[in-house]
Every structure is written in C-alpha cells, then in structure tokens.
Amino acid sequence: MEYQPEDGAVSDGVSAARRGLLEEVERRLRVGHYSIRTERAYVGWIRRFIAANGRRHPRELGVVQVEAFLTQLAVEGKVAASTQNQALSTVLFLYREVLGLKLAWMEDVVRAKRPQRVPTVLSQTEVRALLAHMDGRMAVLARLLYGSGMRLMEGVRLRVKDVDFARNEITVREGKGGKDRRTVLPASLVPALQAEVERVQVLHAQDLARGAGEVWLPHALSRKYPNAARELGWQYAFPARAISLDPRDGRWRRHHIDEAMLSRALKRARVAAAIVKPVSAHTLRHSFATHLIESGYNIRTVQELLGHKDVATTQIYTHVLNRGAGAVLSPLDR
C-alpha cells in the first residue's frame, strides 16, 4: 500500500487517508496540551518518516525501518543527538498514541546519547556590554530574561496579569514540564516593564474599539470564562504588531511577538559589543544562574528560580565558576 504524505495529484482515497492520519496526530497533540511548535515539529517528522520509507503506511513498518530512519538522520543528516531523539519520540508517539499500537520493539529502540556540555556563560562585563547595544522592546525582553532567568518562550508568552510590580515578582505559567513557578522581577527593570504594560493597555483599547481584542487562552479557559480572552490581564506583555490568524481554530487574535526577533537582536548586539562567545536567549538564562551562584546564593534557591526538577541540573552551573564561594584556586596562582 503506497502512502502519500505530500500534497499532489493523488486519488481521493489516499488523499483522505493522508489528511485523516495527520489530523488525528494534531488532535492527539492538542488533547495532550502540546504547544503549537511541538505540533508542527511532530507533523513534519511524521511526513519525513513516511517519505523516507517509500510512502508506505506506518502500520506496515517496524523496528528495522525506524532504526534505518534514525541512522540516516545521524549519518547523512549529521543531526544532533537531541534532534535524533525528537524524531524517535515523534515516531513512538505516532505508533502508541495515534495508531494505538504497543509493539515489543518499541521498548528496545535505543535513544542517542546526548553529550554533557558546559553551558556558555557571559561575564557580568559582557552582559552589560551586550545590553548596552540593544534598545526598544528587545532590550526590555533581553534584560528581563537575564534578570529573571526565564526561558525565551516563557518571556514572550508572559501575560500582563502575571507581573506583580508591588512584590517585584513574576509568575511563570506552564514552564517546562507544565509547572508554574515564581521568579524575581528586577527592580531596575520595573519602569521599563511598566511602560510596556501601558503600551499594551493602549493597544488593547484600540483593538477592542474595532471589535477585536481577543487573545488565545490555554486549555478550556475560553469556555469556562467567556470574557477572559478580552480582558487586559490576559493580554501578552510583549504583543505582536498585528493581529493574525490562529492556526488552532482559525480565529483572528493578537499573538505574542515572534521569538526570532530577539535572536536577531542578540546577534546584532553581540557583534557590536565584540563578544566572541555565541550568544542566545538561553545564554542569558545560563548567565543569570551562574552569576547568582557566584554571588553566594544557595543552589536550591537558584533551582527554584530556574524551575529545575532536579538539583543535579542546576549543579552544572558550578562547573563554570572560577571564583566565589568554594572556588578552586589553581596551583599556578599560589
């Protein structure tokens, strides 16, 4: 049986089968509350897996084809171990959750071993130089990520209601693993972030005046609280410039900014500041954790601020320290 994962001139029966499988994949992902980015990644991997096996239906394939697909990614595609494991997770999701198959070989597929790498960390001087070459909303967002330790998507998805200026506190909703946590709001950032919230308030009032003003709500909150999507508190603190079509349900909403905007701004600032280290939004998070530990803060406190499940994950930041409490002094420096 030939399976058609790509658009084209195919028979109605095969085309319907293709649409049906991918639609079921999307439905299962949404039931599991996966993000839209994960949804797109999984659908893309399933298309590639089927195409790599002569467009045969996944029910006809097994461990030999799965391992060949993963080997091809590693040998020919030269992908990272994390990418290879994401492809494997997608294939296993397809068989277990979508096709409802629990076969013995699924437990025997070996995942690629991810190398343990020390994170790239900027010095405090480098952070100051980097931020000095940024301006506007991207400067506020970059300072927020460094000052709070939030992940990139946690920052761009921040809602107005989750910023507590009175307590200098930010509530991170549904971080990694679906967990909520609280982290610090830098006092020095309060005026700039208040200005961003005031900007959101003006923009939201304009949207409401023209019959828009709706934002996406997680889970079933839009049914439980029908008016919440138009309330100021639920609006993104860093909204997109224009209203766009939501791929989940086809409704027009104002989304948050594209995270790629910050990546580009950080790259420009790194070059302007003559920093030779690679810099990403996650580098700011690594620097936040390292600088806190260098300042003598308890590793458990840093673990809670970062939202790590296991303190062993946080301990990696002690590997990049060369000063501060408990630092090792080189024999040469003695």
# chains A, B, ... in the order shown; residues from 1 in each chain; ligands from 1

$ closest_atom_pairs --of "region 107-188 of chain A" --to "region 290-304 of chain A" --cutoff "9 Å" --atoms "only C-alpha atoms" --output "CSV"
residue,atom,partner,partner_atom,distance
A:Val121,CA,A:Thr290,CA,7.4
A:Ser123,CA,A:His291,CA,8.1
A:Gln124,CA,A:His291,CA,7.6
A:Arg181,CA,A:Glu304,CA,7.6
A:Arg182,CA,A:Glu304,CA,8.1
A:Thr183,CA,A:Glu304,CA,8.0

$ closest_atom_pairs --of "region 129-172 of chain A" --to "region 218-239 of chain A" --cutoff "7 Å" --atoms "only C-alpha atoms" --output "CSV"
residue,atom,partner,partner_atom,distance
A:Val156,CA,A:Phe238,CA,6.1
A:Arg157,CA,A:Tyr236,CA,6.2
A:Leu158,CA,A:Ala237,CA,5.7
A:Arg159,CA,A:Tyr236,CA,4.4
A:Val160,CA,A:Gly233,CA,4.9
A:Lys161,CA,A:Gly233,CA,4.3

$ write_last_selection --atoms "all heavy atoms" --output "PDB file, in the first residue's frame"
ATOM      1  N   VAL A 156       8.371  35.540  26.141  1.00  0.00           N
ATOM      2  CA  VAL A 156       7.490  36.086  25.108  1.00  0.00           C
ATOM      3  C   VAL A 156       6.027  35.765  25.388  1.00  0.00           C
ATOM      4  O   VAL A 156       5.124  36.471  24.933  1.00  0.00           O
ATOM      5  CB  VAL A 156       7.885  35.596  23.697  1.00  0.00           C
ATOM      6  CG1 VAL A 156       9.300  36.032  23.349  1.00  0.00           C
ATOM      7  CG2 VAL A 156       7.754  34.088  23.575  1.00  0.00           C
ATOM      8  N   ARG A 157       5.763  34.700  26.161  1.00  0.00           N
ATOM      9  CA  ARG A 157       4.393  34.323  26.494  1.00  0.00           C
ATOM     10  C   ARG A 157       3.896  34.946  27.802  1.00  0.00           C
ATOM     11  O   ARG A 157       2.792  34.642  28.254  1.00  0.00           O
ATOM     12  CB  ARG A 157       4.283  32.801  26.600  1.00  0.00           C
ATOM     13  CG  ARG A 157       4.416  32.077  25.263  1.00  0.00           C
ATOM     14  CD  ARG A 157       4.501  30.584  25.475  1.00  0.00           C
ATOM     15  NE  ARG A 157       4.584  29.863  24.207  1.00  0.00           N
ATOM     16  CZ  ARG A 157       4.987  28.597  24.086  1.00  0.00           C
ATOM     17  NH1 ARG A 157       5.347  27.921  25.171  1.00  0.00           N
ATOM     18  NH2 ARG A 157       5.032  28.017  22.907  1.00  0.00           N
ATOM     19  N   LEU A 158       4.694  35.795  28.397  1.00  0.00           N
ATOM     20  CA  LEU A 158       4.324  36.412  29.672  1.00  0.00           C
ATOM     21  C   LEU A 158       3.036  37.228  29.505  1.00  0.00           C
ATOM     22  O   LEU A 158       2.899  38.014  28.573  1.00  0.00           O
ATOM     23  CB  LEU A 158       5.459  37.322  30.142  1.00  0.00           C
ATOM     24  CG  LEU A 158       5.244  38.049  31.468  1.00  0.00           C
ATOM     25  CD1 LEU A 158       5.158  37.061  32.621  1.00  0.00           C
ATOM     26  CD2 LEU A 158       6.378  39.059  31.696  1.00  0.00           C
ATOM     27  N   ARG A 159       2.083  37.043  30.429  1.00  0.00           N
ATOM     28  CA  ARG A 159       0.820  37.781  30.417  1.00  0.00           C
ATOM     29  C   ARG A 159       0.898  38.945  31.405  1.00  0.00           C
ATOM     30  O   ARG A 159       1.606  38.887  32.420  1.00  0.00           O
ATOM     31  CB  ARG A 159      -0.339  36.864  30.810  1.00  0.00           C
ATOM     32  CG  ARG A 159      -0.381  35.535  30.056  1.00  0.00           C
ATOM     33  CD  ARG A 159      -1.219  35.565  28.836  1.00  0.00           C
ATOM     34  NE  ARG A 159      -1.291  34.230  28.218  1.00  0.00           N
ATOM     35  CZ  ARG A 159      -2.209  33.867  27.328  1.00  0.00           C
ATOM     36  NH1 ARG A 159      -3.145  34.727  26.932  1.00  0.00           N
ATOM     37  NH2 ARG A 159      -2.201  32.658  26.799  1.00  0.00           N
ATOM     38  N   VAL A 160       0.130  39.982  31.135  1.00  0.00           N
ATOM     39  CA  VAL A 160       0.132  41.178  31.972  1.00  0.00           C
ATOM     40  C   VAL A 160      -0.191  40.836  33.422  1.00  0.00           C
ATOM     41  O   VAL A 160       0.430  41.348  34.355  1.00  0.00           O
ATOM     42  CB  VAL A 160      -0.868  42.218  31.417  1.00  0.00           C
ATOM     43  CG1 VAL A 160      -1.050  43.373  32.401  1.00  0.00           C
ATOM     44  CG2 VAL A 160      -0.396  42.739  30.061  1.00  0.00           C
ATOM     45  N   LYS A 161      -1.160  39.958  33.640  1.00  0.00           N
ATOM     46  CA  LYS A 161      -1.614  39.628  34.993  1.00  0.00           C
ATOM     47  C   LYS A 161      -0.554  38.919  35.831  1.00  0.00           C
ATOM     48  O   LYS A 161      -0.662  38.869  37.066  1.00  0.00           O
ATOM     49  CB  LYS A 161      -2.868  38.746  34.927  1.00  0.00           C
ATOM     50  CG  LYS A 161      -2.619  37.346  34.373  1.00  0.00           C
ATOM     51  CD  LYS A 161      -3.882  36.517  34.320  1.00  0.00           C
ATOM     52  CE  LYS A 161      -3.594  35.104  33.817  1.00  0.00           C
ATOM     53  NZ  LYS A 161      -2.682  34.362  34.689  1.00  0.00           N
TER      54      LYS A 161
END

$ residues_around --residues "region 256-268 of chain A" --least-positions-apart "6" --cutoff "12 Å" --atoms "only C-alpha atoms" --output "ChimeraX atom specification"
/A:37,127,129-145,151-160,200,215-216,234-244,246,274-284

$ closest_residue --among "A:Ala81, A:Ala51, A:Leu208, A:Ala195" --to "Phe69 (chain A)" --atoms "only C-alpha atoms"
A:Ala51

$ atom_distance --atom1 "CA of Gln65 (chain A)" --atom2 "CA of Phe93 (chain A)"
15.6 Å

$ closest_residue --among "A:Arg285, A:His308, A:Lys102, A:Arg167" --to "Val190 (chain A)" --atoms "only C-alpha atoms"
A:Arg167

$ closest_residue --among "A:Val118, A:Leu22, A:Leu193, A:Leu88" --to "Ile316 (chain A)" --atoms "only C-alpha atoms"
A:Val118

$ residues_around --residues "Leu185 (chain A)" --least-positions-apart "4" --cutoff "9 Å" --atoms "only C-alpha atoms" --output "JSON, numbers by chain"
{"A": [144, 147, 148, 163, 164, 165, 167, 168, 169, 170, 189, 190]}

$ write_last_selection --atoms "N, CA, C and O atoms" --output "JSON list (two decimals), in the first residue's frame"
[["chain", "number", "residue", "atom", "x", "y", "z"],
["A", 144, "LEU", "N", 14.94, 41.32, 30.85],
["A", 144, "LEU", "CA", 14.02, 40.51, 31.65],
["A", 144, "LEU", "C", 14.51, 39.06, 31.74],
["A", 144, "LEU", "O", 14.49, 38.46, 32.82],
["A", 147, "GLY", "N", 17.60, 39.06, 33.92],
["A", 147, "GLY", "CA", 17.31, 39.44, 35.30],
["A", 147, "GLY", "C", 16.41, 38.50, 36.05],
["A", 147, "GLY", "O", 16.36, 38.53, 37.29],
["A", 148, "SER", "N", 15.69, 37.61, 35.33],
["A", 148, "SER", "CA", 14.75, 36.71, 35.98],
["A", 148, "SER", "C", 15.10, 35.24, 35.78],
["A", 148, "SER", "O", 14.58, 34.37, 36.49],
["A", 163, "VAL", "N", 2.62, 39.73, 36.08],
["A", 163, "VAL", "CA", 3.68, 40.64, 36.52],
["A", 163, "VAL", "C", 3.18, 41.38, 37.75],
["A", 163, "VAL", "O", 2.21, 42.12, 37.69],
["A", 164, "ASP", "N", 3.83, 41.15, 38.88],
["A", 164, "ASP", "CA", 3.44, 41.78, 40.14],
["A", 164, "ASP", "C", 4.47, 42.85, 40.49],
["A", 164, "ASP", "O", 5.53, 42.56, 41.05],
["A", 165, "PHE", "N", 4.14, 44.10, 40.16],
["A", 165, "PHE", "CA", 5.08, 45.19, 40.40],
["A", 165, "PHE", "C", 5.20, 45.49, 41.89],
["A", 165, "PHE", "O", 6.26, 45.94, 42.35],
["A", 167, "ARG", "N", 5.23, 43.39, 44.41],
["A", 167, "ARG", "CA", 6.08, 42.41, 45.07],
["A", 167, "ARG", "C", 7.39, 42.14, 44.32],
["A", 167, "ARG", "O", 8.19, 41.29, 44.73],
["A", 168, "ASN", "N", 7.60, 42.86, 43.19],
["A", 168, "ASN", "CA", 8.78, 42.61, 42.35],
["A", 168, "ASN", "C", 8.91, 41.11, 42.05],
["A", 168, "ASN", "O", 9.95, 40.48, 42.28],
["A", 169, "GLU", "N", 7.83, 40.57, 41.51],
["A", 169, "GLU", "CA", 7.73, 39.13, 41.32],
["A", 169, "GLU", "C", 7.03, 38.83, 39.99],
["A", 169, "GLU", "O", 6.13, 39.55, 39.57],
["A", 170, "ILE", "N", 7.45, 37.77, 39.35],
["A", 170, "ILE", "CA", 6.84, 37.30, 38.11],
["A", 170, "ILE", "C", 6.40, 35.85, 38.30],
["A", 170, "ILE", "O", 7.15, 35.03, 38.83],
["A", 189, "LEU", "N", 14.29, 47.10, 36.40],
["A", 189, "LEU", "CA", 13.54, 46.91, 35.15],
["A", 189, "LEU", "C", 12.08, 47.36, 35.28],
["A", 189, "LEU", "O", 11.36, 47.44, 34.29],
["A", 190, "VAL", "N", 11.64, 47.66, 36.50],
["A", 190, "VAL", "CA", 10.23, 47.98, 36.73],
["A", 190, "VAL", "C", 9.74, 49.14, 35.87],
["A", 190, "VAL", "O", 8.69, 49.01, 35.21]]
